[in-house]
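The next block is work.csv, given as CSV, C-alpha atoms and all ligand atoms.
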```
chain,number,residue,atom,x,y,z
A,1,LEU,CA,19.6,-31.8,9.1
A,2,ARG,CA,17.7,-33.3,12.1
A,3,GLU,CA,16.1,-35.8,9.8
A,4,GLY,CA,19.5,-36.7,8.1
A,5,PRO,CA,21.9,-39.6,8.8
A,6,PRO,CA,22.3,-40.2,12.6
A,7,GLU,CA,26.2,-40.0,12.4
A,8,LEU,CA,25.8,-36.5,11.0
A,9,GLN,CA,23.3,-35.3,13.6
A,10,ASP,CA,25.8,-36.0,16.3
A,11,LYS,CA,28.4,-33.9,14.6
A,12,ILE,CA,26.2,-30.9,13.8
A,13,LYS,CA,25.6,-28.2,16.4
A,14,LEU,CA,23.6,-25.2,15.5
A,15,THR,CA,23.7,-22.0,17.5
A,16,ILE,CA,21.4,-19.0,17.1
A,17,ILE,CA,22.8,-15.7,18.2
A,18,ASN,CA,20.2,-12.9,18.6
A,19,LYS,CA,20.7,-9.5,20.2
A,20,ASP,CA,17.5,-9.8,22.3
A,21,GLU,CA,15.0,-12.3,23.5
A,22,TRP,CA,12.4,-11.6,20.8
A,23,HIS,CA,11.6,-12.7,17.3
A,24,TYR,CA,9.5,-10.0,15.6
A,25,MET,CA,7.3,-10.0,12.5
A,26,PRO,CA,8.4,-6.5,11.4
A,27,PRO,CA,5.5,-5.8,8.9
A,28,LEU,CA,3.1,-6.0,11.9
A,29,PHE,CA,4.8,-2.9,13.4
A,30,ALA,CA,2.6,-1.0,10.9
A,31,ASP,CA,-0.6,-2.6,12.1
A,32,PHE,CA,0.6,-2.0,15.7
A,33,ALA,CA,1.2,1.7,15.0
A,34,LEU,CA,-2.3,2.0,13.4
A,35,GLY,CA,-3.7,0.4,16.6
A,36,GLU,CA,-4.9,-2.7,14.8
A,37,VAL,CA,-2.8,-5.4,16.6
A,38,THR,CA,-1.3,-5.7,20.1
A,39,GLU,CA,2.4,-6.0,21.1
A,40,ASP,CA,1.8,-9.6,22.1
A,41,GLN,CA,0.6,-10.5,18.6
A,42,LEU,CA,3.7,-9.4,16.8
A,43,LYS,CA,6.5,-11.1,18.8
A,44,ALA,CA,7.4,-14.6,20.1
A,45,PRO,CA,10.4,-15.7,22.3
A,46,VAL,CA,13.5,-16.6,20.3
A,47,ALA,CA,13.9,-19.4,22.8
A,48,ASN,CA,10.8,-21.1,21.3
A,49,ILE,CA,12.5,-21.2,17.9
A,50,ALA,CA,15.7,-22.7,19.5
A,51,LYS,CA,13.5,-25.3,21.3
A,52,ARG,CA,11.5,-26.2,18.2
A,53,TYR,CA,14.6,-26.8,16.1
A,54,GLY,CA,16.9,-28.1,18.7
A,55,THR,CA,19.6,-25.4,18.6
A,56,ASP,CA,21.7,-23.7,21.2
A,57,LEU,CA,20.8,-20.0,21.9
A,58,VAL,CA,23.0,-17.1,22.8
A,59,ILE,CA,21.3,-13.8,23.6
A,60,ASP,CA,24.0,-11.3,22.9
A,61,GLU,CA,24.9,-8.7,20.2
A,62,VAL,CA,27.5,-9.6,17.6
A,63,VAL,CA,30.0,-6.8,17.4
A,64,ASP,CA,32.7,-8.2,15.1
A,65,ILE,CA,33.5,-11.1,12.8
A,66,ASP,CA,36.9,-12.6,12.2
A,67,PRO,CA,36.5,-14.7,8.9
A,68,GLN,CA,40.1,-15.9,9.0
A,69,LYS,CA,39.9,-17.3,12.5
A,70,GLN,CA,36.2,-18.2,12.0
A,71,VAL,CA,35.0,-16.5,15.1
A,72,VAL,CA,32.2,-14.0,15.9
A,73,LYS,CA,32.6,-11.7,18.8
A,74,THR,CA,29.8,-10.4,21.0
A,75,LYS,CA,29.2,-7.3,23.1
A,76,GLY,CA,29.1,-9.6,26.2
A,77,GLY,CA,32.7,-10.6,25.5
A,78,LYS,CA,32.1,-14.1,24.0
A,79,SER,CA,34.1,-15.4,21.1
A,80,LEU,CA,32.1,-18.1,19.3
A,81,GLU,CA,33.8,-20.3,16.8
A,82,TYR,CA,32.1,-21.6,13.7
A,83,ASP,CA,32.6,-23.9,10.7
A,84,TYR,CA,29.7,-22.2,8.8
A,85,LEU,CA,28.2,-18.8,9.5
A,86,PHE,CA,24.8,-17.6,8.4
A,87,ILE,CA,24.4,-13.8,8.6
A,88,GLY,CA,20.7,-13.0,9.1
A,89,SER,CA,20.9,-9.7,10.9
A,90,GLY,CA,18.8,-7.5,8.6
A,91,VAL,CA,19.3,-3.9,7.8
A,92,ARG,CA,20.6,-1.1,10.1
A,93,TYR,CA,18.5,2.0,10.1
A,94,ALA,CA,20.4,5.2,9.7
A,95,PRO,CA,17.8,8.1,10.1
A,96,GLU,CA,20.7,10.4,11.2
A,97,VAL,CA,21.8,10.8,7.6
A,98,VAL,CA,18.9,13.2,7.0
A,99,PRO,CA,19.1,16.2,9.5
A,100,GLY,CA,16.0,16.5,11.6
A,101,LEU,CA,14.3,13.3,10.4
A,102,GLU,CA,14.6,11.4,13.7
A,103,ARG,CA,13.6,14.5,15.7
A,104,TYR,CA,10.5,15.5,13.9
A,105,GLY,CA,9.3,12.3,12.1
A,106,TYR,CA,7.9,9.0,13.1
A,107,HIS,CA,8.4,5.5,11.7
A,108,ASN,CA,7.1,2.0,12.4
A,109,TYR,CA,10.3,0.1,11.5
A,110,THR,CA,11.0,-1.0,15.1
A,111,LEU,CA,8.7,-1.7,18.0
A,112,GLU,CA,10.0,1.3,19.8
A,113,GLY,CA,9.4,3.5,16.7
A,114,ALA,CA,5.9,2.0,16.3
A,115,LYS,CA,5.1,2.8,19.9
A,116,LYS,CA,5.9,6.5,19.3
A,117,MET,CA,4.1,6.5,16.0
A,118,ARG,CA,1.0,4.9,17.6
A,119,GLU,CA,1.0,7.7,20.2
A,120,ALA,CA,1.5,10.4,17.5
A,121,LEU,CA,-1.4,8.9,15.5
A,122,LYS,CA,-3.6,9.0,18.6
A,123,GLN,CA,-2.8,12.7,19.1
A,124,TYR,CA,-3.3,13.5,15.4
A,125,LYS,CA,-6.4,15.8,15.0
A,126,GLY,CA,-6.2,16.6,11.3
A,127,GLY,CA,-4.2,18.2,8.5
A,128,ARG,CA,-1.6,17.0,6.0
A,129,VAL,CA,0.1,13.6,6.6
A,130,VAL,CA,3.4,13.1,4.7
A,131,MET,CA,5.0,9.7,4.0
A,132,LEU,CA,8.6,10.4,3.2
A,133,VAL,CA,11.0,8.0,1.5
A,134,PRO,CA,14.3,9.9,1.6
A,135,GLU,CA,16.6,7.3,0.0
A,136,LEU,CA,17.0,4.2,-2.2
A,137,PRO,CA,17.2,1.3,-1.4
A,138,PHE,CA,14.8,1.0,1.5
A,139,ARG,CA,13.3,-1.9,3.5
A,140,CYS,CA,10.2,-3.3,1.8
A,141,GLY,CA,9.6,-1.7,-1.6
A,142,CYS,CA,5.8,-1.8,-1.4
A,143,TYR,CA,5.5,-0.5,2.2
A,144,PRO,CA,5.2,3.3,1.6
A,145,PHE,CA,2.8,2.7,-1.3
A,146,GLU,CA,0.7,0.5,0.9
A,147,MET,CA,0.9,2.6,4.0
A,148,VAL,CA,-0.3,5.8,2.4
A,149,GLY,CA,-3.6,4.1,1.7
A,150,ARG,CA,-3.9,2.9,5.2
A,151,LEU,CA,-2.9,6.3,6.6
A,152,LEU,CA,-5.5,8.0,4.4
A,153,TYR,CA,-8.2,5.8,5.9
A,154,PHE,CA,-6.9,6.5,9.4
A,155,ALA,CA,-6.6,10.3,8.9
A,156,ARG,CA,-9.9,10.8,7.2
A,157,ARG,CA,-11.7,9.2,10.2
A,158,LYS,CA,-10.3,12.1,12.2
A,159,ASP,CA,-10.4,14.8,9.6
A,160,PRO,CA,-12.6,14.3,6.4
A,161,LYS,CA,-10.4,16.8,4.6
A,162,ALA,CA,-7.1,15.3,5.6
A,163,GLU,CA,-4.5,15.1,2.8
A,164,VAL,CA,-1.9,12.3,2.4
A,165,TYR,CA,1.3,13.0,0.5
A,166,LEU,CA,3.8,10.5,-0.7
A,167,VAL,CA,7.2,12.2,-1.0
A,168,THR,CA,10.1,10.2,-2.6
A,169,SER,CA,13.7,10.9,-3.5
A,170,PHE,CA,13.1,8.8,-6.7
A,171,ASP,CA,11.0,10.1,-9.6
A,172,GLU,CA,8.0,8.4,-11.2
A,173,LYS,CA,10.1,7.2,-14.1
A,174,GLN,CA,12.2,5.3,-11.6
A,175,MET,CA,9.0,4.0,-9.9
A,176,LYS,CA,7.9,2.6,-13.3
A,177,GLN,CA,11.3,0.9,-13.7
A,178,MET,CA,11.2,-0.6,-10.2
A,179,PHE,CA,7.6,-1.7,-10.0
A,180,LYS,CA,6.9,-2.4,-13.7
A,181,ASP,CA,3.2,-3.2,-14.2
A,182,VAL,CA,2.4,-2.9,-10.5
A,183,TYR,CA,3.3,0.8,-10.6
A,184,ARG,CA,0.3,1.4,-13.0
A,185,GLN,CA,-2.0,-0.4,-10.6
A,186,PHE,CA,-1.1,1.4,-7.4
A,187,ARG,CA,-0.8,4.8,-9.2
A,188,LYS,CA,-4.4,4.3,-10.5
A,189,LEU,CA,-5.6,3.3,-7.0
A,190,HIS,CA,-3.8,6.3,-5.4
A,191,ARG,CA,-5.3,8.8,-7.9
A,192,LYS,CA,-8.8,7.5,-7.1
A,193,MET,CA,-8.1,7.9,-3.4
A,194,GLY,CA,-6.6,11.4,-3.8
A,195,ILE,CA,-3.1,10.6,-2.6
A,196,VAL,CA,-0.7,13.3,-3.8
A,197,TYR,CA,2.7,12.3,-5.2
A,198,LYS,CA,5.8,14.5,-4.9
A,199,ALA,CA,8.4,12.3,-6.5
A,200,GLY,CA,12.1,13.0,-7.3
A,201,LYS,CA,12.5,15.3,-4.3
A,202,GLU,CA,15.8,15.2,-2.3
A,203,VAL,CA,15.5,16.3,1.3
A,204,LYS,CA,18.0,18.8,2.6
A,205,GLU,CA,16.6,18.9,6.2
A,206,VAL,CA,13.4,18.3,8.2
A,207,LYS,CA,12.2,21.1,10.5
A,208,GLU,CA,9.3,21.2,12.8
A,209,LYS,CA,6.2,21.0,10.6
A,210,GLN,CA,8.2,21.6,7.4
A,211,ILE,CA,10.4,19.7,5.0
A,212,VAL,CA,13.1,21.6,3.1
A,213,PHE,CA,14.2,20.1,-0.2
A,214,LYS,CA,17.6,20.5,-1.9
A,215,ASP,CA,16.0,22.5,-4.7
A,216,GLY,CA,14.9,25.1,-2.2
A,217,GLU,CA,11.2,24.1,-2.2
A,218,THR,CA,9.4,23.5,1.1
A,219,LEU,CA,6.5,21.3,2.1
A,220,ASP,CA,4.4,21.9,5.3
A,221,TYR,CA,3.1,18.9,7.3
A,222,SER,CA,1.0,18.2,10.3
A,223,LEU,CA,2.4,14.7,10.8
A,224,LEU,CA,5.5,13.2,9.2
A,225,ILE,CA,6.0,9.5,8.8
A,226,TYR,CA,9.2,8.3,7.2
A,227,VAL,CA,11.0,5.2,5.9
A,228,PRO,CA,14.5,5.1,7.5
A,229,PRO,CA,17.6,5.1,5.3
A,230,VAL,CA,19.6,1.8,5.5
A,231,ARG,CA,23.3,1.1,6.1
A,232,PRO,CA,25.3,-2.1,6.6
A,233,PRO,CA,25.4,-3.5,10.2
A,234,LYS,CA,28.1,-2.1,12.5
A,235,PHE,CA,29.8,-5.4,13.0
A,236,VAL,CA,31.1,-5.3,9.4
A,237,GLU,CA,32.8,-2.0,9.9
A,238,GLY,CA,36.5,-2.5,9.2
A,239,HIS,CA,35.7,-5.4,6.8
A,240,PRO,CA,35.2,-3.9,3.4
A,241,GLU,CA,35.0,-7.4,1.9
A,242,PHE,CA,31.5,-7.6,3.5
A,243,ILE,CA,30.2,-4.5,1.6
A,244,CYS,CA,28.5,-4.9,-1.8
A,245,PRO,CA,30.9,-3.4,-4.4
A,246,ASN,CA,28.1,-1.9,-6.4
A,247,ASN,CA,26.1,-0.4,-3.5
A,248,LYS,CA,27.9,0.6,-0.4
A,249,LYS,CA,24.7,0.9,1.6
A,250,VAL,CA,24.2,-2.9,1.6
A,251,LEU,CA,26.1,-6.2,2.3
A,252,VAL,CA,27.7,-8.4,-0.3
A,253,THR,CA,26.2,-11.7,-1.3
A,254,THR,CA,26.0,-14.0,-4.4
A,255,PHE,CA,23.3,-15.7,-6.3
A,256,PRO,CA,21.9,-18.5,-6.2
A,257,GLU,CA,23.5,-19.8,-2.9
A,258,PHE,CA,23.9,-16.5,-1.1
A,259,ARG,CA,27.5,-17.2,-0.1
A,260,HIS,CA,30.1,-14.6,0.6
A,261,PRO,CA,32.1,-14.3,-2.7
A,262,LYS,CA,35.4,-15.0,-0.9
A,263,TYR,CA,34.5,-17.0,2.2
A,264,SER,CA,32.5,-19.9,1.0
A,265,ASN,CA,31.6,-21.0,4.5
A,266,ILE,CA,29.7,-17.7,5.1
A,267,PHE,CA,26.2,-17.4,3.9
A,268,ILE,CA,24.5,-14.0,3.7
A,269,PRO,CA,20.8,-14.6,2.9
A,270,THR,CA,19.5,-11.4,4.8
A,271,ASP,CA,17.5,-8.5,3.4
A,272,ALA,CA,20.4,-6.1,3.8
A,273,ALA,CA,22.2,-8.0,1.0
A,274,MET,CA,19.4,-8.5,-1.5
A,275,PRO,CA,20.1,-5.4,-3.6
A,276,CYS,CA,23.6,-6.8,-4.2
A,277,VAL,CA,22.0,-9.5,-6.4
A,278,ASN,CA,19.4,-7.1,-7.9
A,279,PHE,CA,16.5,-8.1,-5.6
A,280,PRO,CA,14.5,-5.7,-3.4
A,281,ILE,CA,15.0,-5.5,0.4
A,282,ALA,CA,12.0,-7.7,1.4
A,283,GLY,CA,11.1,-10.6,3.6
A,284,ILE,CA,9.7,-12.7,0.7
A,285,PHE,CA,13.2,-12.7,-1.0
A,286,VAL,CA,14.9,-13.4,2.3
A,287,HIS,CA,12.7,-16.4,2.9
A,288,ALA,CA,13.6,-17.9,-0.5
A,289,ALA,CA,17.3,-16.9,-0.1
A,290,ALA,CA,17.5,-18.6,3.4
A,291,ILE,CA,16.1,-21.9,2.0
A,292,ALA,CA,18.5,-21.8,-1.0
A,293,ALA,CA,21.5,-21.1,1.3
A,294,ALA,CA,20.5,-23.9,3.7
A,295,ASP,CA,20.2,-26.2,0.8
A,296,ALA,CA,23.7,-25.3,-0.3
A,297,LEU,CA,25.0,-26.0,3.2
A,298,ILE,CA,23.2,-29.4,3.3
A,299,SER,CA,24.8,-30.2,0.0
A,300,ASP,CA,28.3,-29.3,1.4
A,301,LEU,CA,27.7,-31.6,4.3
A,302,VAL,CA,25.9,-34.6,2.8
A,303,GLY,CA,26.7,-34.2,-0.9
A,304,VAL,CA,23.0,-34.3,-1.8
A,305,ARG,CA,21.1,-31.3,-3.1
A,306,ALA,CA,17.4,-30.8,-2.0
A,307,THR,CA,14.7,-30.1,-4.5
A,308,VAL,CA,13.9,-26.7,-3.1
A,309,THR,CA,16.3,-24.2,-4.6
A,310,PHE,CA,15.7,-20.5,-5.4
A,311,PRO,CA,12.2,-20.3,-7.0
A,312,ASP,CA,11.3,-19.1,-10.5
A,313,GLU,CA,8.4,-17.1,-9.0
A,314,ILE,CA,8.0,-15.3,-5.7
A,315,MET,CA,4.6,-14.1,-4.5
A,316,ALA,CA,3.9,-11.0,-2.4
A,317,VAL,CA,0.7,-9.8,-0.8
A,318,ALA,CA,0.1,-6.1,-0.3
A,319,ASP,CA,-2.4,-4.1,1.8
A,320,PHE,CA,-3.3,-0.8,0.2
A,321,GLY,CA,-6.0,0.2,2.7
A,322,PRO,CA,-9.2,-0.2,0.8
A,323,THR,CA,-8.0,-3.3,-1.1
A,324,GLY,CA,-5.2,-5.8,-1.3
A,325,MET,CA,-2.9,-6.8,-4.2
A,326,LEU,CA,-1.4,-10.1,-5.1
A,327,VAL,CA,2.0,-9.4,-6.8
A,328,THR,CA,4.2,-12.0,-8.5
A,329,PHE,CA,7.9,-11.6,-9.2
A,330,ASP,CA,9.3,-13.6,-12.1
A,331,ILE,CA,12.9,-14.5,-11.3
A,332,ASP,CA,15.5,-14.4,-14.1
A,333,HIS,CA,18.2,-16.8,-12.7
A,334,GLU,CA,20.7,-15.9,-15.5
A,335,LYS,CA,21.2,-12.2,-14.6
A,336,PRO,CA,19.8,-12.5,-11.8
A,337,ALA,CA,16.9,-10.0,-11.9
A,338,GLN,CA,13.2,-9.9,-11.2
A,339,LYS,CA,10.2,-8.5,-12.9
A,340,MET,CA,7.0,-7.9,-11.0
A,341,TYR,CA,3.4,-7.9,-12.1
A,342,ALA,CA,0.0,-7.6,-10.3
A,343,SER,CA,-2.0,-10.8,-10.5
A,344,GLN,CA,-5.1,-9.9,-8.5
A,345,GLN,CA,-6.7,-7.1,-6.6
A,346,SER,CA,-9.2,-7.9,-3.8
A,347,PRO,CA,-9.8,-6.9,-0.1
A,348,MET,CA,-9.5,-10.6,0.7
A,349,ILE,CA,-5.8,-10.4,-0.2
A,350,LYS,CA,-5.1,-7.9,2.6
A,351,PHE,CA,-6.7,-10.3,5.1
A,352,MET,CA,-4.5,-13.1,3.7
A,353,LYS,CA,-1.5,-11.0,4.5
A,354,LEU,CA,-2.6,-10.3,8.0
A,355,ALA,CA,-3.5,-13.9,8.6
A,356,PHE,CA,-0.1,-15.1,7.5
A,357,TYR,CA,1.8,-12.7,9.8
A,358,LEU,CA,-0.4,-13.4,12.8
A,359,GLY,CA,-0.2,-17.1,12.1
A,360,TRP,CA,3.6,-17.1,11.8
A,361,ILE,CA,4.0,-15.6,15.3
A,362,ASP,CA,1.2,-17.6,16.8
A,363,ALA,CA,2.9,-20.8,15.6
A,364,LEU,CA,6.0,-19.8,17.7
A,365,LYS,CA,4.1,-19.2,20.9
A,401,LIG,C1,7.0,-1.9,8.5
A,401,LIG,C2,7.6,-3.0,7.7
A,401,LIG,C3,6.8,-3.6,6.7
A,401,LIG,C4,7.3,-4.7,5.9
A,401,LIG,N1,6.5,-5.3,5.0
A,401,LIG,C5,6.9,-6.3,4.3
A,401,LIG,C6,6.1,-7.0,3.4
A,401,LIG,O1,4.9,-6.7,3.2
A,401,LIG,N2,6.6,-8.0,2.7
A,401,LIG,C7,7.9,-8.4,2.8
A,401,LIG,O2,8.4,-9.4,2.2
A,401,LIG,N3,8.8,-7.8,3.7
A,401,LIG,C8,8.3,-6.8,4.4
A,401,LIG,N4,9.1,-6.1,5.3
A,401,LIG,C9,10.5,-6.5,5.4
A,401,LIG,C10,10.8,-7.8,6.2
A,401,LIG,O3,10.3,-7.6,7.5
A,401,LIG,C11,12.3,-8.0,6.2
A,401,LIG,O4,12.8,-8.0,4.9
A,401,LIG,C12,12.7,-9.3,6.9
A,401,LIG,O5,12.3,-9.3,8.2
A,401,LIG,C13,14.2,-9.4,6.8
A,401,LIG,O6,14.6,-10.6,7.5
A,401,LIG,P1,16.0,-10.7,8.0
A,401,LIG,O7,16.1,-12.1,8.7
A,401,LIG,O8,17.0,-10.4,7.0
A,401,LIG,O9,16.1,-9.6,9.1
A,401,LIG,P2,15.2,-9.3,10.4
A,401,LIG,O10,13.9,-9.8,10.3
A,401,LIG,O11,15.4,-7.8,10.7
A,401,LIG,O12,15.9,-10.1,11.6
A,401,LIG,C14,17.2,-9.8,12.0
A,401,LIG,C15,17.5,-10.5,13.3
A,401,LIG,O13,18.9,-10.3,13.6
A,401,LIG,C16,19.0,-9.8,15.0
A,401,LIG,N5,20.2,-9.0,15.0
A,401,LIG,C17,20.5,-7.9,14.3
A,401,LIG,N6,21.7,-7.4,14.5
A,401,LIG,C18,22.2,-8.3,15.4
A,401,LIG,C19,23.5,-8.3,16.0
A,401,LIG,N7,24.5,-7.4,15.8
A,401,LIG,N8,23.7,-9.3,16.9
A,401,LIG,C20,22.8,-10.3,17.1
A,401,LIG,N9,21.6,-10.3,16.6
A,401,LIG,C21,21.3,-9.3,15.7
A,401,LIG,C22,17.7,-9.1,15.2
A,401,LIG,O14,17.5,-9.0,16.6
A,401,LIG,C23,16.7,-9.9,14.5
A,401,LIG,O15,16.2,-11.0,15.3
A,401,LIG,C24,8.6,-5.1,6.1
A,401,LIG,C25,9.4,-4.5,7.1
A,401,LIG,C26,8.9,-3.5,7.9
A,401,LIG,C27,9.7,-2.9,9.0
```
Structure rendered as structure tokens:
Amino acid sequence: LREGPPELQDKIKLTIINKDEWHYMPPLFADFALGEVTEDQLKAPVANIAKRYGTDLVIDEVVDIDPQKQVVKTKGGKSLEYDYLFIGSGVRYAPEVVPGLERYGYHNYTLEGAKKMREALKQYKGGRVVMLVPELPFRCGCYPFEMVGRLLYFARRKDPKAEVYLVTSFDEKQMKQMFKDVYRQFRKLHRKMGIVYKAGKEVKEVKEKQIVFKDGETLDYSLLIYVPPVRPPKFVEGHPEFICPNNKKVLVTTFPEFRHPKYSNIFIPTDAAMPCVNFPIAGIFVHAAAIAAADALISDLVGVRATVTFPDEIMAVADFGPTGMLVTFDIDHEKPAQKMYASQQSPMIKFMKLAFYLGWIDALK
């Protein structure tokens, strides 16, 4: 828009509302927890983004939206009017839905969580490490499958006999459906590494050093790492039209412009809405969705559509510990749907992933 017609530039005012001063690269929370990057490397001031793109900035938490009056309300008491609204607030973590999870387990899904997990990993002396995925959908489909490899490397440096278990609420048949050809690749890799799968296990509660499943079975652990369950953000409470009709844990959105189905001036290209259009909760999809939504907005304003719409392929890079995997998602625009396959395996790929994340933040310093 800044490069568009001058008369339009004068009319357009962009405001970023963010609840704190920092922009994070969330995947780096895992590297931080493992002691491989510093806090400074995973965050940049949001103010730098506002400066770079010439926007206004409000540091405050959104607590409500009024789509009729076209206003968002903040915790600090502000009411901000909009003509167009982009919701990019991500998922809300809800560990409280599994009793004992938050009390006894660790996660690296926030900086605060990653700090505690880093400390727990420092204290870890040996024994069984469990990676628990208690619910579908969850943020970043590949993450637990990648992290078990990295945890095994970490744990075996302290205890050569350390075991790593991957415990999931979904069974291996569902894994095959979700990950298609990639499932075969990481299953083979995990077998070679000796990672134990316990799939299709619903958790009743987590106790100190023990997980109790709904079928009555128990599993002892020395260290429990978990993937937090997700729920829609609090500011849509009381607005059922913002919840996906097919999956109440996520926000509503539409494909391919990521507009709200009723309010065409509201775009929802955030990961908390991706399952509503059959995509996984992941940054790579959000990146493509945000560009497609911005393109739709530009088209509303200037009547011209850009050439970059939602892509036919999306690429992901994964770090499994000993090696990396390049994964491609073929996008079916008709349904919409995606089908993933592994295109390459090499340790170089995991370094590509790290370089991209570090470079993203570095560019905003
Ligand atoms: C450990 C981990 C590993 C991951 N690995 C990968 C990976 O390998 N590949 C991949 O593609 N994705 C990965 N992801 C997922 C990826 O980080 C997210 O999908 C992506 O960041 C989502 O972008 P978003 O803009 O929707 O939300 P976010 O990046 O979460 O950004 C949301 C922003 O909104 C702000 N906000 C939230 N609520 C409010 C409010 N009420 N008021 C004001 N501001 C608010 C937040 O402060 C934040 O700045 C990973 C995530 C984690 C945690």
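By all atoms listed in the file, and with residues fewer than 3 positions from segment 183-192 of chain A along its chain excluded, the set lying at most 10 Å from it is Cys142, Phe145, Glu146, Val148, Gly149, Leu166, Glu172, Lys173, Met175, Lys176, Gln177, Met178, Phe179, Lys180, Ile195, Val196, Tyr197, Phe320, Pro322, Thr323, Met325, Met340, Tyr341, Ala342 and Gln345 of chain A.
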Only C-alpha atoms, please: the residues just picked out, written as a PDB file, in the frame of the given file.
```pdb
ATOM      1  CA  CYS A 142       5.800  -1.800  -1.400  1.00  0.00           C
ATOM      2  CA  PHE A 145       2.800   2.700  -1.300  1.00  0.00           C
ATOM      3  CA  GLU A 146       0.700   0.500   0.900  1.00  0.00           C
ATOM      4  CA  VAL A 148      -0.300   5.800   2.400  1.00  0.00           C
ATOM      5  CA  GLY A 149      -3.600   4.100   1.700  1.00  0.00           C
ATOM      6  CA  LEU A 166       3.800  10.500  -0.700  1.00  0.00           C
ATOM      7  CA  GLU A 172       8.000   8.400 -11.200  1.00  0.00           C
ATOM      8  CA  LYS A 173      10.100   7.200 -14.100  1.00  0.00           C
ATOM      9  CA  MET A 175       9.000   4.000  -9.900  1.00  0.00           C
ATOM     10  CA  LYS A 176       7.900   2.600 -13.300  1.00  0.00           C
ATOM     11  CA  GLN A 177      11.300   0.900 -13.700  1.00  0.00           C
ATOM     12  CA  MET A 178      11.200  -0.600 -10.200  1.00  0.00           C
ATOM     13  CA  PHE A 179       7.600  -1.700 -10.000  1.00  0.00           C
ATOM     14  CA  LYS A 180       6.900  -2.400 -13.700  1.00  0.00           C
ATOM     15  CA  ILE A 195      -3.100  10.600  -2.600  1.00  0.00           C
ATOM     16  CA  VAL A 196      -0.700  13.300  -3.800  1.00  0.00           C
ATOM     17  CA  TYR A 197       2.700  12.300  -5.200  1.00  0.00           C
ATOM     18  CA  PHE A 320      -3.300  -0.800   0.200  1.00  0.00           C
ATOM     19  CA  PRO A 322      -9.200  -0.200   0.800  1.00  0.00           C
ATOM     20  CA  THR A 323      -8.000  -3.300  -1.100  1.00  0.00           C
ATOM     21  CA  MET A 325      -2.900  -6.800  -4.200  1.00  0.00           C
ATOM     22  CA  MET A 340       7.000  -7.900 -11.000  1.00  0.00           C
ATOM     23  CA  TYR A 341       3.400  -7.900 -12.100  1.00  0.00           C
ATOM     24  CA  ALA A 342       0.000  -7.600 -10.300  1.00  0.00           C
ATOM     25  CA  GLN A 345      -6.700  -7.100  -6.600  1.00  0.00           C
TER      26      GLN A 345
END
```
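Closest to ligand LIG 401 (chain A) among A:Gln338, A:Thr254, A:Ser89, A:Gln9 is A:Ser89, based on only C-alpha atoms and all ligand atoms.
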Pull the neighbourhood of (34.4, -2.6, 6.9) for me: all residues within 12 Å in file coordinates, counting all atoms listed in the file, as a PyMOL selection string.
chain A and resi 64-66+231-245+248-252
So how many Å separate atom CA of Asp171 of chain A and atom CA of Pro229 of chain A, to one decimal?
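Atom-to-atom, atom CA of Asp171 of chain A and atom CA of Pro229 of chain A are spaced 17.0 Å apart.
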At a cut-off of 12 Å from (-2.3, -11.6, 11.1) in the coordinates of the file, what residues are picked up using only C-alpha atoms, written as a ChimeraX atom specification?
/A:25-32,36-38,40-43,319,349-363
So what do you get for atom CA of Ala94 of chain A versus atom CA of Gly141 of chain A, distance-wise?
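Between these atoms lies a distance of 17.1 Å.
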Go through A:Thr270, A:Thr253, A:Thr74, A:Gln210 and flag the residue nearest ligand LIG 401 (chain A), using only C-alpha atoms and all ligand atoms for the distances.
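With only C-alpha atoms and all ligand atoms as the atom set, the closest residue is A:Thr270.
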So what do you get for atom CA of Tyr84 of chain A versus atom CA of Val71 of chain A, distance-wise?
10.0 Å
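Once segment 52-61 of chain A and its same-chain neighbours fewer than 4 positions away are set aside, Arg2, Lys13, Leu14, Thr15, Ile16, Ile17, Asn18, Lys19, Asp20, Glu21, Val46, Ala47, Asn48, Lys73, Thr74, Lys75, Gly76, Lys78 and Leu364 of chain A remain within 9 Å of it when counting only C-alpha atoms.
Summary of the local environment: counting only C-alpha atoms, residues at most 8 Å from Asp159 of chain A, other than itself and those fewer than 5 positions away along its chain, are Lys125, Gly126 and Gly127 of chain A.
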Which residue of A:Lys116, A:Lys122, A:His287, A:Lys11 approaches ligand LIG 401 (chain A) most closely, using all atoms listed in the file:
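Among A:Lys116, A:Lys122, A:His287, A:Lys11, it is A:His287 that comes nearest to ligand LIG 401 (chain A).
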Distance query Ser169 of chain A at most 10 Å, only C-alpha atoms, self and fewer than 6 positions along chain excluded, as an mmCIF file with C-alpha atoms, keeping the file's coordinate frame:
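Result written to selection00.cif:
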```cif
data_model
loop_
_atom_site.group_PDB
_atom_site.id
_atom_site.type_symbol
_atom_site.label_atom_id
_atom_site.label_comp_id
_atom_site.auth_asym_id
_atom_site.auth_seq_id
_atom_site.Cartn_x
_atom_site.Cartn_y
_atom_site.Cartn_z
ATOM 1 C CA LEU A 132 8.600 10.400 3.200
ATOM 2 C CA VAL A 133 11.000 8.000 1.500
ATOM 3 C CA PRO A 134 14.300 9.900 1.600
ATOM 4 C CA GLU A 135 16.600 7.300 0.000
ATOM 5 C CA LEU A 136 17.000 4.200 -2.200
ATOM 6 C CA LYS A 198 5.800 14.500 -4.900
ATOM 7 C CA ALA A 199 8.400 12.300 -6.500
ATOM 8 C CA GLY A 200 12.100 13.000 -7.300
ATOM 9 C CA LYS A 201 12.500 15.300 -4.300
ATOM 10 C CA GLU A 202 15.800 15.200 -2.300
ATOM 11 C CA VAL A 203 15.500 16.300 1.300
ATOM 12 C CA PHE A 213 14.200 20.100 -0.200
#
```
